[in-house]
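Q: Please find run_30.txt (compact mmCIF, C-alpha atoms and all ligand atoms) on the next line:
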```txt
# COMPACT_ATOMS: atom_id res chain seq x y z
CA MET A 1 -34.32 -8.51 -15.60
CA LEU A 2 -34.10 -12.23 -16.30
CA SER A 3 -30.58 -13.63 -16.16
CA ILE A 4 -29.11 -17.08 -16.48
CA ILE A 5 -25.93 -18.09 -14.74
CA VAL A 6 -24.33 -21.39 -15.74
CA ALA A 7 -21.02 -23.20 -16.04
CA ILE A 8 -20.81 -25.29 -19.21
CA GLY A 9 -18.27 -27.73 -20.60
CA ALA A 10 -17.07 -27.74 -24.22
CA ARG A 11 -20.12 -29.86 -25.23
CA ASN A 12 -22.56 -27.84 -23.08
CA GLU A 13 -22.24 -30.34 -20.21
CA ILE A 14 -23.63 -29.05 -16.92
CA GLY A 15 -24.32 -32.03 -14.70
CA GLN A 16 -23.40 -35.56 -13.82
CA GLN A 17 -25.36 -37.80 -11.45
CA GLY A 18 -27.04 -34.89 -9.70
CA THR A 19 -23.89 -32.84 -9.24
CA MET A 20 -21.47 -30.74 -11.32
CA PRO A 21 -18.94 -32.62 -13.51
CA TRP A 22 -16.04 -30.56 -12.10
CA HIS A 23 -14.86 -28.90 -8.89
CA LEU A 24 -13.85 -25.30 -9.55
CA PRO A 25 -13.74 -23.21 -6.34
CA GLY A 26 -13.06 -20.03 -8.37
CA ASP A 27 -16.29 -20.55 -10.29
CA LEU A 28 -18.26 -21.08 -7.06
CA LYS A 29 -16.79 -17.81 -5.75
CA HIS A 30 -17.82 -16.01 -8.96
CA PHE A 31 -21.34 -17.48 -8.61
CA LYS A 32 -21.52 -16.24 -5.04
CA GLN A 33 -20.30 -12.73 -5.93
CA LEU A 34 -22.90 -12.33 -8.67
CA THR A 35 -25.89 -13.79 -6.85
CA LEU A 36 -25.35 -12.40 -3.34
CA ASN A 37 -28.35 -10.36 -2.14
CA LYS A 38 -30.30 -11.35 -5.27
CA THR A 39 -33.09 -13.84 -5.98
CA ILE A 40 -32.09 -17.21 -7.39
CA LEU A 41 -34.54 -19.53 -9.14
CA MET A 42 -33.90 -23.25 -9.56
CA GLY A 43 -35.48 -26.61 -10.29
CA ARG A 44 -36.28 -28.89 -7.39
CA ARG A 45 -33.42 -31.24 -8.35
CA THR A 46 -30.82 -28.47 -8.36
CA PHE A 47 -32.07 -27.31 -4.98
CA GLU A 48 -31.53 -30.84 -3.67
CA SER A 49 -27.95 -30.80 -5.00
CA LEU A 50 -27.11 -27.75 -2.85
CA PRO A 51 -25.85 -28.03 0.72
CA GLY A 52 -29.05 -26.22 1.80
CA VAL A 53 -30.44 -22.69 1.62
CA LEU A 54 -27.64 -20.39 0.42
CA PRO A 55 -26.82 -17.43 2.66
CA LYS A 56 -28.02 -13.93 1.75
CA ARG A 57 -30.11 -14.99 -1.24
CA GLU A 58 -33.86 -15.31 -1.82
CA HIS A 59 -34.69 -18.72 -3.28
CA ILE A 60 -37.45 -19.77 -5.65
CA ILE A 61 -37.76 -23.55 -6.02
CA VAL A 62 -39.71 -24.77 -9.03
CA THR A 63 -41.63 -28.03 -8.74
CA ASN A 64 -44.73 -29.72 -10.14
CA ASP A 65 -45.25 -31.41 -6.80
CA LEU A 66 -48.09 -29.54 -5.11
CA SER A 67 -47.30 -31.19 -1.77
CA PHE A 68 -43.65 -29.98 -1.79
CA GLN A 69 -43.05 -27.61 1.11
CA TYR A 70 -39.93 -25.93 2.42
CA ASP A 71 -40.35 -23.89 5.53
CA HIS A 72 -37.74 -21.13 5.42
CA PRO A 73 -38.16 -17.33 5.34
CA ARG A 74 -35.99 -17.01 2.20
CA VAL A 75 -37.56 -19.87 0.25
CA LYS A 76 -40.60 -19.62 -2.00
CA VAL A 77 -42.00 -22.65 -3.82
CA CYS A 78 -43.23 -22.01 -7.37
CA HIS A 79 -45.53 -24.16 -9.53
CA ASN A 80 -45.81 -21.75 -12.46
CA LEU A 81 -42.38 -21.25 -13.99
CA GLU A 82 -43.54 -19.29 -17.02
CA GLN A 83 -45.38 -16.73 -14.92
CA GLU A 84 -42.31 -16.24 -12.69
CA LEU A 85 -40.03 -15.76 -15.72
CA HIS A 86 -42.40 -13.29 -17.38
CA LYS A 87 -42.60 -11.28 -14.18
CA ALA A 88 -38.79 -11.14 -13.92
CA GLN A 89 -38.46 -9.94 -17.54
CA LYS A 90 -40.50 -6.87 -16.69
CA THR A 91 -38.90 -5.91 -13.38
CA GLU A 92 -35.74 -3.89 -12.79
CA GLU A 93 -34.47 -6.28 -10.14
CA GLU A 94 -32.31 -9.08 -11.53
CA LEU A 95 -33.54 -12.66 -11.12
CA PHE A 96 -30.87 -15.33 -11.58
CA VAL A 97 -31.92 -18.67 -13.03
CA ILE A 98 -29.33 -21.07 -11.62
CA GLY A 99 -30.39 -24.38 -13.19
CA GLY A 100 -30.57 -27.16 -13.84
CA GLY A 101 -31.04 -28.60 -17.32
CA GLN A 102 -34.85 -28.63 -17.37
CA ILE A 103 -35.13 -25.09 -16.07
CA TYR A 104 -32.40 -23.70 -18.37
CA ASN A 105 -34.22 -25.24 -21.35
CA GLN A 106 -37.39 -23.35 -20.52
CA ALA A 107 -35.70 -20.11 -19.43
CA LEU A 108 -33.14 -19.61 -22.23
CA PRO A 109 -35.62 -18.32 -24.86
CA MET A 110 -36.80 -15.68 -22.37
CA ALA A 111 -33.48 -14.72 -20.75
CA GLN A 112 -32.09 -11.21 -21.20
CA ARG A 113 -28.59 -11.79 -19.81
CA LEU A 114 -26.26 -14.78 -19.76
CA TYR A 115 -23.38 -15.24 -17.34
CA LEU A 116 -21.42 -18.18 -18.73
CA THR A 117 -18.47 -19.98 -17.27
CA LEU A 118 -16.93 -21.70 -20.28
CA VAL A 119 -15.04 -24.76 -19.09
CA HIS A 120 -12.46 -25.69 -21.72
CA GLN A 121 -12.79 -29.44 -21.47
CA THR A 122 -15.22 -32.23 -22.37
CA PHE A 123 -16.82 -34.46 -19.74
CA PRO A 124 -17.80 -37.81 -21.29
CA GLU A 125 -19.68 -38.97 -18.17
CA ALA A 126 -22.00 -35.94 -18.13
CA ASP A 127 -25.74 -36.63 -18.26
CA THR A 128 -27.24 -33.12 -18.19
CA PHE A 129 -26.68 -30.42 -20.81
CA PHE A 130 -27.35 -26.74 -21.44
CA PRO A 131 -29.40 -26.09 -24.61
CA ALA A 132 -27.63 -24.88 -27.78
CA ILE A 133 -27.02 -21.13 -27.63
CA ALA A 134 -27.82 -19.06 -30.75
CA PHE A 135 -24.84 -16.73 -30.31
CA GLU A 136 -26.06 -14.43 -33.10
CA GLU A 137 -28.83 -13.38 -30.67
CA TRP A 138 -26.32 -12.30 -28.03
CA GLN A 139 -23.76 -9.55 -27.67
CA GLU A 140 -20.68 -10.22 -25.58
CA THR A 141 -20.31 -7.58 -22.85
CA GLU A 142 -17.40 -8.95 -20.80
CA ARG A 143 -14.76 -11.70 -20.99
CA SER A 144 -12.23 -12.65 -18.33
CA PRO A 145 -8.74 -13.96 -18.99
CA GLU A 146 -8.43 -17.76 -18.84
CA ILE A 147 -8.20 -19.20 -15.33
CA LYS A 148 -6.57 -22.57 -14.54
CA GLU A 149 -7.73 -24.60 -11.58
CA ASN A 150 -7.32 -28.33 -10.81
CA GLY A 151 -5.72 -28.64 -14.29
CA ILE A 152 -8.90 -27.29 -15.93
CA GLY A 153 -8.97 -24.03 -17.93
CA TYR A 154 -12.07 -21.83 -17.89
CA GLU A 155 -13.21 -18.26 -18.47
CA PHE A 156 -16.16 -16.06 -17.57
CA VAL A 157 -18.10 -14.56 -20.49
CA ASN A 158 -21.18 -12.36 -20.16
CA TYR A 159 -23.77 -11.65 -22.84
CA GLN A 160 -26.76 -9.42 -23.27
CA ARG A 161 -29.60 -10.31 -25.62
CA ILE A 162 -29.33 -8.12 -28.73
CA ALA A 163 -33.09 -7.32 -28.75
CA SER A 164 -32.86 -5.94 -25.21
CA LEU A 165 -29.80 -3.85 -26.20
CA LYS A 166 -31.89 -2.32 -29.02
CA GLU A 167 -34.76 -1.58 -26.64
CA ASN A 168 -32.36 0.46 -24.50
CA THR A 169 -31.12 2.69 -27.34
N1 LIG B 201 -23.16 -26.41 -14.38
C1 LIG B 201 -24.04 -25.63 -13.78
O1 LIG B 201 -23.87 -24.40 -13.74
C2 LIG B 201 -25.24 -26.24 -13.10
C3 LIG B 201 -26.18 -25.41 -12.48
C4 LIG B 201 -27.30 -25.99 -11.89
C5 LIG B 201 -27.45 -27.37 -11.92
N2 LIG B 201 -26.53 -28.15 -12.52
C6 LIG B 201 -26.70 -29.60 -12.58
O2 LIG B 201 -27.91 -29.91 -13.30
C7 LIG B 201 -28.42 -31.16 -12.83
C8 LIG B 201 -29.88 -30.98 -12.44
O3 LIG B 201 -30.63 -30.60 -13.58
P1 LIG B 201 -32.00 -31.37 -13.98
O4 LIG B 201 -32.36 -30.98 -15.36
O5 LIG B 201 -31.85 -32.82 -13.66
O6 LIG B 201 -33.04 -30.81 -12.89
P2 LIG B 201 -33.54 -29.32 -12.52
O7 LIG B 201 -33.79 -28.54 -13.77
O8 LIG B 201 -32.68 -28.75 -11.48
O9 LIG B 201 -34.93 -29.66 -11.79
C9 LIG B 201 -35.91 -30.40 -12.46
C10 LIG B 201 -37.19 -30.35 -11.66
O10 LIG B 201 -37.73 -29.02 -11.71
C11 LIG B 201 -39.16 -29.10 -11.69
N3 LIG B 201 -39.65 -28.49 -12.93
C12 LIG B 201 -39.06 -28.42 -14.15
N4 LIG B 201 -39.81 -27.70 -15.01
C13 LIG B 201 -40.91 -27.32 -14.31
C14 LIG B 201 -42.07 -26.54 -14.65
N5 LIG B 201 -42.24 -26.00 -15.87
N6 LIG B 201 -43.01 -26.34 -13.69
C15 LIG B 201 -42.85 -26.85 -12.45
N7 LIG B 201 -41.78 -27.59 -12.07
C16 LIG B 201 -40.83 -27.81 -13.00
C17 LIG B 201 -39.52 -30.57 -11.57
O11 LIG B 201 -39.58 -30.83 -10.18
P3 LIG B 201 -40.48 -32.00 -9.53
O12 LIG B 201 -39.89 -33.28 -10.02
O13 LIG B 201 -40.34 -31.79 -8.05
O14 LIG B 201 -41.89 -31.76 -10.02
C18 LIG B 201 -38.30 -31.25 -12.19
O15 LIG B 201 -38.10 -32.59 -11.78
C19 LIG B 201 -27.53 -31.57 -11.65
O16 LIG B 201 -26.55 -32.48 -12.11
C20 LIG B 201 -26.88 -30.25 -11.23
O17 LIG B 201 -25.65 -30.44 -10.57
C21 LIG B 201 -25.42 -27.60 -13.09
```
Go ahead and render the structure in this file as structure tokens.
A:
Amino acid sequence: MLSIIVAIGARNEIGQQGTMPWHLPGDLKHFKQLTLNKTILMGRRTFESLPGVLPKREHIIVTNDLSFQYDHPRVKVCHNLEQELHKAQKTEEELFVIGGGQIYNQALPMAQRLYLTLVHQTFPEADTFFPAIAFEEWQETERSPEIKENGIGYEFVNYQRIASLKENT
């Protein structure tokens, strides 16, 4: 199962100068709850924006740099993103693509589930964006009530790709 988890602003903003455009502890908690004990896949830049290897998660870091190494038992370095995504599509275990912009762009057409945090605000300084979502291809499966934090409203919305719903019926 290939899943994407992302927090996006009202104009699909996701990043600003190598970090997130907002600070929403509730969203970080949600991210942790969903990804704990799972495998997370990310671009090399997103990995470098993290405080380090996240506890209780297997990491796949995607890079074109063949000399990139990261010596940790829960870190695997990947040079073939497409192969990794195809493999995840066919396995029962859920793989979470956690960003950033470059990786989301390549993974969205193949993703089977979307876990969106919709941040109800625009961020004019943002420099990294999530690709446009063709919502007609997705069925909403869950929506939280609106949460307010640091003066910012947001909600969690989950989707399943309609084709994969059909395959299951
Ligand atoms: N809002 C959110 O939920 C969220 C989530 C994650 C990240 N972000 C934000 O997104 C921003 C980072 O995104 P980004 O687009 O700049 O970078 P990114 O997608 O995290 O990483 C880009 C890097 O991934 C590698 N890469 C990309 N495609 C590849 C492929 N097909 N094969 C092999 N390697 C590949 C390359 O690494 P090399 O250069 O090493 O070759 C490339 O430089 C940050 O601001 C971060 O905070 C936001």
Q: Excluding Leu95 in chain A and residues on its chain fewer than 3 positions from it, collect all residues at most 10 Å away from it, counting only C-alpha atoms, and give them as a list in words.
A: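 The neighbour list is Met1, Leu2, Ser3, Ile4, Thr35, Lys38, Thr39, Ile40, Leu41, Glu58, His59, Ile60, Glu84, Leu85, Lys87, Ala88, Gln89, Thr91, Glu92, Ile98 and Ala111 of chain A.
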Q: Residues within 6 Å of ligand LIG 201 (chain B), counting all atoms listed in the file: report them as a list in words.
A: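 Counting only what the definition allows, namely all atoms listed in the file, the set is Val6, Ala7, Ile8, Ile14, Gly15, Gln16, Gln17, Gly18, Thr19, Met20, Met42, Gly43, Arg44, Arg45, Thr46, Val62, Thr63, Asn64, Asp65, His79, Asn80, Leu81, Ile98, Gly99, Gly100, Gly101, Gln102, Ile103 and Thr128 of chain A.
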Q: Find, counting only C-alpha atoms, the residue in A:His120, A:His86, A:Arg11, A:His72 that gets nearest to Ile147 in chain A.
A: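 Residue with the minimum atom-to-atom distance to Ile147 in chain A: A:His120.
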Q: Contacts of Glu137 in chain A at 12 Å or less, counting all atoms listed in the file, minus same-chain residues fewer than 3 places along, as a ChimeraX atom specification?
A: /A:108-114,132-134,140,159-166
Q: Can you work out which one of A:Asn105, A:Glu94, A:Ile152, A:Trp138 has the shortest atom-to-atom distance to Glu82 in chain A, counting all atoms listed in the file?
A: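 Nearest to Glu82 in chain A: A:Asn105.
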Q: Have a look at CA of Gln121 in chain A and CA of Gly151 in chain A and let me know their distance in Å, one decimal.
A: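 Distance between the two atoms: 10.1 Å.
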Q: Find the residue from A:Phe130, A:Thr117, A:Thr122, A:Pro145 that sits nearest to His30 in chain A; use only C-alpha atoms when measuring.
A: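 Among the listed residues, A:Thr117 lies closest to His30 in chain A.
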Q: Quick one, how far is CA of Tyr104 in chain A from CA of Glu149 in chain A?
A: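 Between these atoms lies a distance of 25.6 Å.
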Q: So how far away is CA of Leu50 in chain A from CA of Pro73 in chain A, in Å?
A: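 So the two atoms, CA of Pro73 in chain A and CA of Leu50 in chain A, lie 17.3 Å apart.
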Q: Is it possible to get the residues within 6 Å of (-12.1, -18.9, -19.0) (coordinates as in the file, counting all atoms listed in the file) written as a list in words?
A: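 Every residue inside that radius is included here: Leu118, Pro145, Glu146, Ile147, Tyr154, Glu155 and Phe156 of chain A.
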Q: Can I get range 12-32 of chain A with N, CA and C atoms filled in, as a PDB file, keeping the file's coordinate frame?
A:
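Everything below was put into out-v1.pdb:
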```
ATOM      1  N   ASN A  12     -21.394 -28.343 -23.827  1.00  0.00           N
ATOM      2  CA  ASN A  12     -22.560 -27.840 -23.080  1.00  0.00           C
ATOM      3  C   ASN A  12     -22.927 -28.715 -21.880  1.00  0.00           C
ATOM      4  N   GLU A  13     -21.980 -29.518 -21.392  1.00  0.00           N
ATOM      5  CA  GLU A  13     -22.240 -30.340 -20.210  1.00  0.00           C
ATOM      6  C   GLU A  13     -22.466 -29.423 -19.006  1.00  0.00           C
ATOM      7  N   ILE A  14     -23.448 -29.804 -18.164  1.00  0.00           N
ATOM      8  CA  ILE A  14     -23.630 -29.050 -16.920  1.00  0.00           C
ATOM      9  C   ILE A  14     -23.726 -29.931 -15.683  1.00  0.00           C
ATOM     10  N   GLY A  15     -24.098 -31.198 -15.883  1.00  0.00           N
ATOM     11  CA  GLY A  15     -24.320 -32.030 -14.700  1.00  0.00           C
ATOM     12  C   GLY A  15     -23.960 -33.488 -14.918  1.00  0.00           C
ATOM     13  N   GLN A  16     -23.773 -34.139 -13.805  1.00  0.00           N
ATOM     14  CA  GLN A  16     -23.400 -35.560 -13.820  1.00  0.00           C
ATOM     15  C   GLN A  16     -23.892 -36.185 -12.510  1.00  0.00           C
ATOM     16  N   GLN A  17     -24.811 -37.100 -12.625  1.00  0.00           N
ATOM     17  CA  GLN A  17     -25.360 -37.800 -11.450  1.00  0.00           C
ATOM     18  C   GLN A  17     -25.755 -36.838 -10.323  1.00  0.00           C
ATOM     19  N   GLY A  18     -26.483 -35.809 -10.706  1.00  0.00           N
ATOM     20  CA  GLY A  18     -27.040 -34.890  -9.700  1.00  0.00           C
ATOM     21  C   GLY A  18     -26.072 -33.868  -9.154  1.00  0.00           C
ATOM     22  N   THR A  19     -24.859 -33.844  -9.711  1.00  0.00           N
ATOM     23  CA  THR A  19     -23.890 -32.840  -9.240  1.00  0.00           C
ATOM     24  C   THR A  19     -23.185 -32.222 -10.456  1.00  0.00           C
ATOM     25  N   MET A  20     -22.188 -31.356 -10.211  1.00  0.00           N
ATOM     26  CA  MET A  20     -21.470 -30.740 -11.320  1.00  0.00           C
ATOM     27  C   MET A  20     -20.349 -31.699 -11.762  1.00  0.00           C
ATOM     28  N   PRO A  21     -19.980 -31.704 -13.046  1.00  0.00           N
ATOM     29  CA  PRO A  21     -18.940 -32.620 -13.510  1.00  0.00           C
ATOM     30  C   PRO A  21     -17.518 -32.212 -13.085  1.00  0.00           C
ATOM     31  N   TRP A  22     -17.365 -31.076 -12.449  1.00  0.00           N
ATOM     32  CA  TRP A  22     -16.040 -30.560 -12.100  1.00  0.00           C
ATOM     33  C   TRP A  22     -16.092 -29.940 -10.695  1.00  0.00           C
ATOM     34  N   HIS A  23     -14.901 -29.657 -10.144  1.00  0.00           N
ATOM     35  CA  HIS A  23     -14.860 -28.900  -8.890  1.00  0.00           C
ATOM     36  C   HIS A  23     -13.963 -27.691  -9.115  1.00  0.00           C
ATOM     37  N   LEU A  24     -14.587 -26.527  -9.250  1.00  0.00           N
ATOM     38  CA  LEU A  24     -13.850 -25.300  -9.550  1.00  0.00           C
ATOM     39  C   LEU A  24     -14.205 -24.236  -8.502  1.00  0.00           C
ATOM     40  N   PRO A  25     -13.430 -24.165  -7.408  1.00  0.00           N
ATOM     41  CA  PRO A  25     -13.740 -23.210  -6.340  1.00  0.00           C
ATOM     42  C   PRO A  25     -13.843 -21.768  -6.838  1.00  0.00           C
ATOM     43  N   GLY A  26     -13.027 -21.402  -7.840  1.00  0.00           N
ATOM     44  CA  GLY A  26     -13.060 -20.030  -8.370  1.00  0.00           C
ATOM     45  C   GLY A  26     -14.400 -19.727  -9.034  1.00  0.00           C
ATOM     46  N   ASP A  27     -14.984 -20.734  -9.648  1.00  0.00           N
ATOM     47  CA  ASP A  27     -16.290 -20.550 -10.290  1.00  0.00           C
ATOM     48  C   ASP A  27     -17.382 -20.411  -9.231  1.00  0.00           C
ATOM     49  N   LEU A  28     -17.264 -21.170  -8.153  1.00  0.00           N
ATOM     50  CA  LEU A  28     -18.260 -21.080  -7.060  1.00  0.00           C
ATOM     51  C   LEU A  28     -18.200 -19.680  -6.422  1.00  0.00           C
ATOM     52  N   LYS A  29     -16.974 -19.151  -6.318  1.00  0.00           N
ATOM     53  CA  LYS A  29     -16.790 -17.810  -5.750  1.00  0.00           C
ATOM     54  C   LYS A  29     -17.440 -16.744  -6.660  1.00  0.00           C
ATOM     55  N   HIS A  30     -17.228 -16.912  -7.950  1.00  0.00           N
ATOM     56  CA  HIS A  30     -17.820 -16.010  -8.960  1.00  0.00           C
ATOM     57  C   HIS A  30     -19.353 -16.064  -8.863  1.00  0.00           C
ATOM     58  N   PHE A  31     -19.887 -17.281  -8.749  1.00  0.00           N
ATOM     59  CA  PHE A  31     -21.340 -17.480  -8.610  1.00  0.00           C
ATOM     60  C   PHE A  31     -21.850 -16.732  -7.373  1.00  0.00           C
ATOM     61  N   LYS A  32     -21.114 -16.880  -6.289  1.00  0.00           N
ATOM     62  CA  LYS A  32     -21.520 -16.240  -5.040  1.00  0.00           C
ATOM     63  C   LYS A  32     -21.510 -14.717  -5.189  1.00  0.00           C
TER      64      LYS A  32
END
```
